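Student: To be precise about what I am sending: the file is called entry-v9.cif and holds mmCIF, C-alpha atoms.
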data_upload
#
loop_
_atom_site.label_atom_id
_atom_site.label_comp_id
_atom_site.auth_asym_id
_atom_site.auth_seq_id
_atom_site.Cartn_x
_atom_site.Cartn_y
_atom_site.Cartn_z
CA MET A 1 49.55 -30.19 355.35
CA LYS A 2 49.21 -26.55 356.35
CA THR A 3 51.29 -27.19 359.47
CA LEU A 4 54.04 -28.76 357.36
CA ARG A 5 54.15 -25.71 355.09
CA ILE A 6 54.40 -23.36 358.06
CA LEU A 7 57.18 -25.48 359.57
CA ALA A 8 59.08 -25.44 356.28
CA LEU A 9 58.70 -21.65 356.04
CA VAL A 10 59.99 -21.23 359.59
CA LEU A 11 63.01 -23.45 358.85
CA VAL A 12 63.84 -21.51 355.69
CA ALA A 13 63.63 -18.22 357.58
CA LEU A 14 65.80 -19.64 360.34
CA PHE A 15 68.47 -20.81 357.90
CA LEU A 16 68.49 -17.43 356.17
CA MET A 17 68.96 -15.56 359.43
CA VAL A 18 71.51 -17.83 361.09
CA SER A 19 74.42 -17.09 358.75
CA PRO A 20 74.75 -13.34 359.43
CA ALA A 21 74.07 -13.86 363.14
CA MET A 22 76.93 -16.36 363.49
CA ALA A 23 79.41 -14.41 361.36
CA GLN A 24 83.00 -14.37 362.61
CA ASN A 25 86.05 -12.42 361.53
CA ASP A 26 88.95 -14.46 360.24
CA SER A 27 92.01 -13.53 362.28
CA LEU A 28 94.46 -13.94 359.38
CA THR A 29 92.76 -12.11 356.53
CA GLY A 30 90.12 -10.06 358.33
CA ALA A 31 87.43 -11.54 356.09
CA MET A 32 84.05 -12.43 357.52
CA VAL A 33 83.34 -16.18 357.55
CA LEU A 34 79.72 -17.30 357.67
CA SER A 35 79.55 -20.19 360.12
CA GLY A 36 76.17 -21.51 359.06
CA SER A 37 76.99 -21.70 355.36
CA GLY A 38 78.38 -25.23 355.55
CA PHE A 39 75.27 -26.46 357.34
CA GLY A 40 73.02 -24.70 354.85
CA ALA A 41 74.96 -26.14 351.92
CA GLY A 42 74.59 -29.63 353.38
CA ILE A 43 70.84 -29.20 353.78
CA GLY A 44 70.66 -27.83 350.23
CA ALA A 45 72.58 -30.80 348.82
CA ALA A 46 70.35 -33.23 350.72
CA LEU A 47 67.18 -31.58 349.44
CA THR A 48 68.58 -31.61 345.91
CA ILE A 49 69.26 -35.34 346.02
CA ILE A 50 65.86 -36.10 347.58
CA GLY A 51 64.12 -34.01 344.90
CA ALA A 52 66.07 -35.70 342.11
CA GLY A 53 65.23 -39.14 343.45
CA PHE A 54 61.57 -38.21 343.62
CA GLY A 55 61.71 -36.84 340.07
CA PHE A 56 63.40 -39.94 338.66
CA GLY A 57 60.82 -42.13 340.39
CA ARG A 58 57.96 -40.13 338.92
CA ILE A 59 59.49 -40.23 335.43
CA GLY A 60 60.00 -43.99 335.60
CA ALA A 61 56.54 -44.71 336.99
CA ALA A 62 54.79 -42.57 334.39
CA ALA A 63 56.83 -44.06 331.54
CA LEU A 64 56.18 -47.64 332.62
CA GLU A 65 52.48 -46.98 333.05
CA SER A 66 52.18 -45.39 329.62
CA MET A 67 54.19 -48.21 328.01
CA ALA A 68 51.87 -50.75 329.61
CA ARG A 69 48.81 -48.95 328.26
CA GLN A 70 50.18 -48.44 324.73
CA PRO A 71 53.01 -50.86 323.92
CA GLU A 72 53.21 -49.67 320.31
CA VAL A 73 54.67 -46.28 321.31
CA ALA A 74 57.14 -47.66 323.87
CA GLY A 75 60.16 -46.51 321.81
CA LYS A 76 59.01 -42.90 321.69
CA ILE A 77 58.17 -42.91 325.39
CA GLN A 78 61.54 -44.38 326.29
CA THR A 79 63.36 -41.73 324.24
CA ALA A 80 61.39 -38.92 325.87
CA MET A 81 62.01 -40.45 329.31
CA ILE A 82 65.78 -40.54 328.73
CA VAL A 83 65.82 -36.90 327.54
CA ILE A 84 63.82 -35.73 330.57
CA ALA A 85 66.01 -37.75 332.93
CA ALA A 86 69.16 -36.20 331.41
CA LEU A 87 67.76 -32.70 331.91
CA LEU A 88 66.85 -33.53 335.50
CA GLU A 89 70.31 -34.94 336.15
CA GLY A 90 71.94 -31.81 334.71
CA ALA A 91 69.89 -29.56 336.98
CA THR A 92 70.75 -31.78 339.94
CA PHE A 93 74.48 -31.58 339.23
CA PHE A 94 74.27 -27.80 338.88
CA ALA A 95 72.53 -27.48 342.26
CA LEU A 96 75.09 -29.77 343.91
CA ILE A 97 77.99 -27.77 342.47
CA VAL A 98 76.44 -24.57 343.83
CA CYS A 99 76.08 -26.18 347.28
CA ILE A 100 79.69 -27.36 347.22
CA GLN A 101 80.91 -23.89 346.26
CA VAL A 102 78.84 -22.26 349.01
CA ALA A 103 80.25 -24.67 351.58
CA GLY A 104 83.88 -24.06 350.57
CA VAL A 105 83.99 -20.41 349.52
CA ALA A 106 81.72 -18.47 351.88
CA LYS A 107 84.19 -15.66 352.67
CA PHE A 108 83.59 -11.97 352.12
#
Rewrite the coordinates I just gave you, this time as C-alpha cells.

Tutor:
Amino acid sequence: MKTLRILALVLVALFLMVSPAMAQNDSLTGAMVLSGSGFGAGIGAALTIIGAGFGFGRIGAAALESMARQPEVAGKIQTAMIVIAALLEGATFFALIVCIQVAGVAKF
C-alpha cells in the first residue's frame, strides 16, 4: 500500500511538471500552449468517473444493507440515498466540466 501511495505521488508530480516543460509558442498569436494539458485533463476525467462509480457503488451497497436490516425505514433510507447520489453526480459533472475546459482552453 505504501508503494502505491509513493507511485501515485510520483505520477502527480510528473503531471504537474510536464506541462511547463513541454510548453510551445503558438506561431499565430504568440500565446503559450501547454502540450500536456490535454493528457492531464483526460486523466482527470478518467479519475473523476472512476471515483463517481466507486461512490455510487458504496452508496447503493450501504443503502441495500441497511434496508435489509431494518425494512421499516426503507423509505427514509431511499430518500437519503437519492439526495446523496444527486450531490455526488453534481460534483462529478463539475469536475468533468473543469477537465473539458482545461483540455480546450489551456492558452496563456

Student: Determine, counting all atoms listed in the file, which protein, DNA and RNA residues have an atom within 8 Å of an atom of stretch 82-92 of chain A; residues of the same chain fewer than 3 positions away are not included. Present the result as a list of chain:residue names.

Tutor: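 Surrounding residues, per the criterion: A:Thr48, A:Ile49, A:Ala52, A:Gly55, A:Phe56, A:Ile59, A:Gln78, A:Thr79, A:Ala95, A:Leu96.
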
Student: Please provide the set of residues having any atom within 12 Å of A:Lys76, restricted to all atoms listed in the file, with same-chain residues fewer than 5 positions apart removed, written as a count of residues only.

Tutor: 8

Student: One number please: atom CA of A:Ala41 to atom CA of A:Ala8, in Å, one decimal.

Tutor: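 One can read the atom CA of A:Ala41 to atom CA of A:Ala8 distance as 16.5 Å.
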
Student: Atom CA of A:Val10 and atom CA of A:Cys99 are how many Å apart?

Tutor: 20.9 Å

Student: Using Å and a single decimal, report how far atom CA of A:Gly40 sits from atom CA of A:Val102.

Tutor: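 Value for the atom CA of A:Val102-atom CA of A:Gly40 distance: 8.6 Å.
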
Student: Rank A:Leu4, A:Ile100, A:Leu9, A:Ile77 by their smallest atom-to-atom distance to A:Gly42, using only C-alpha atoms, and report the top residue only.

Tutor: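 Nearest to A:Gly42: A:Ile100.
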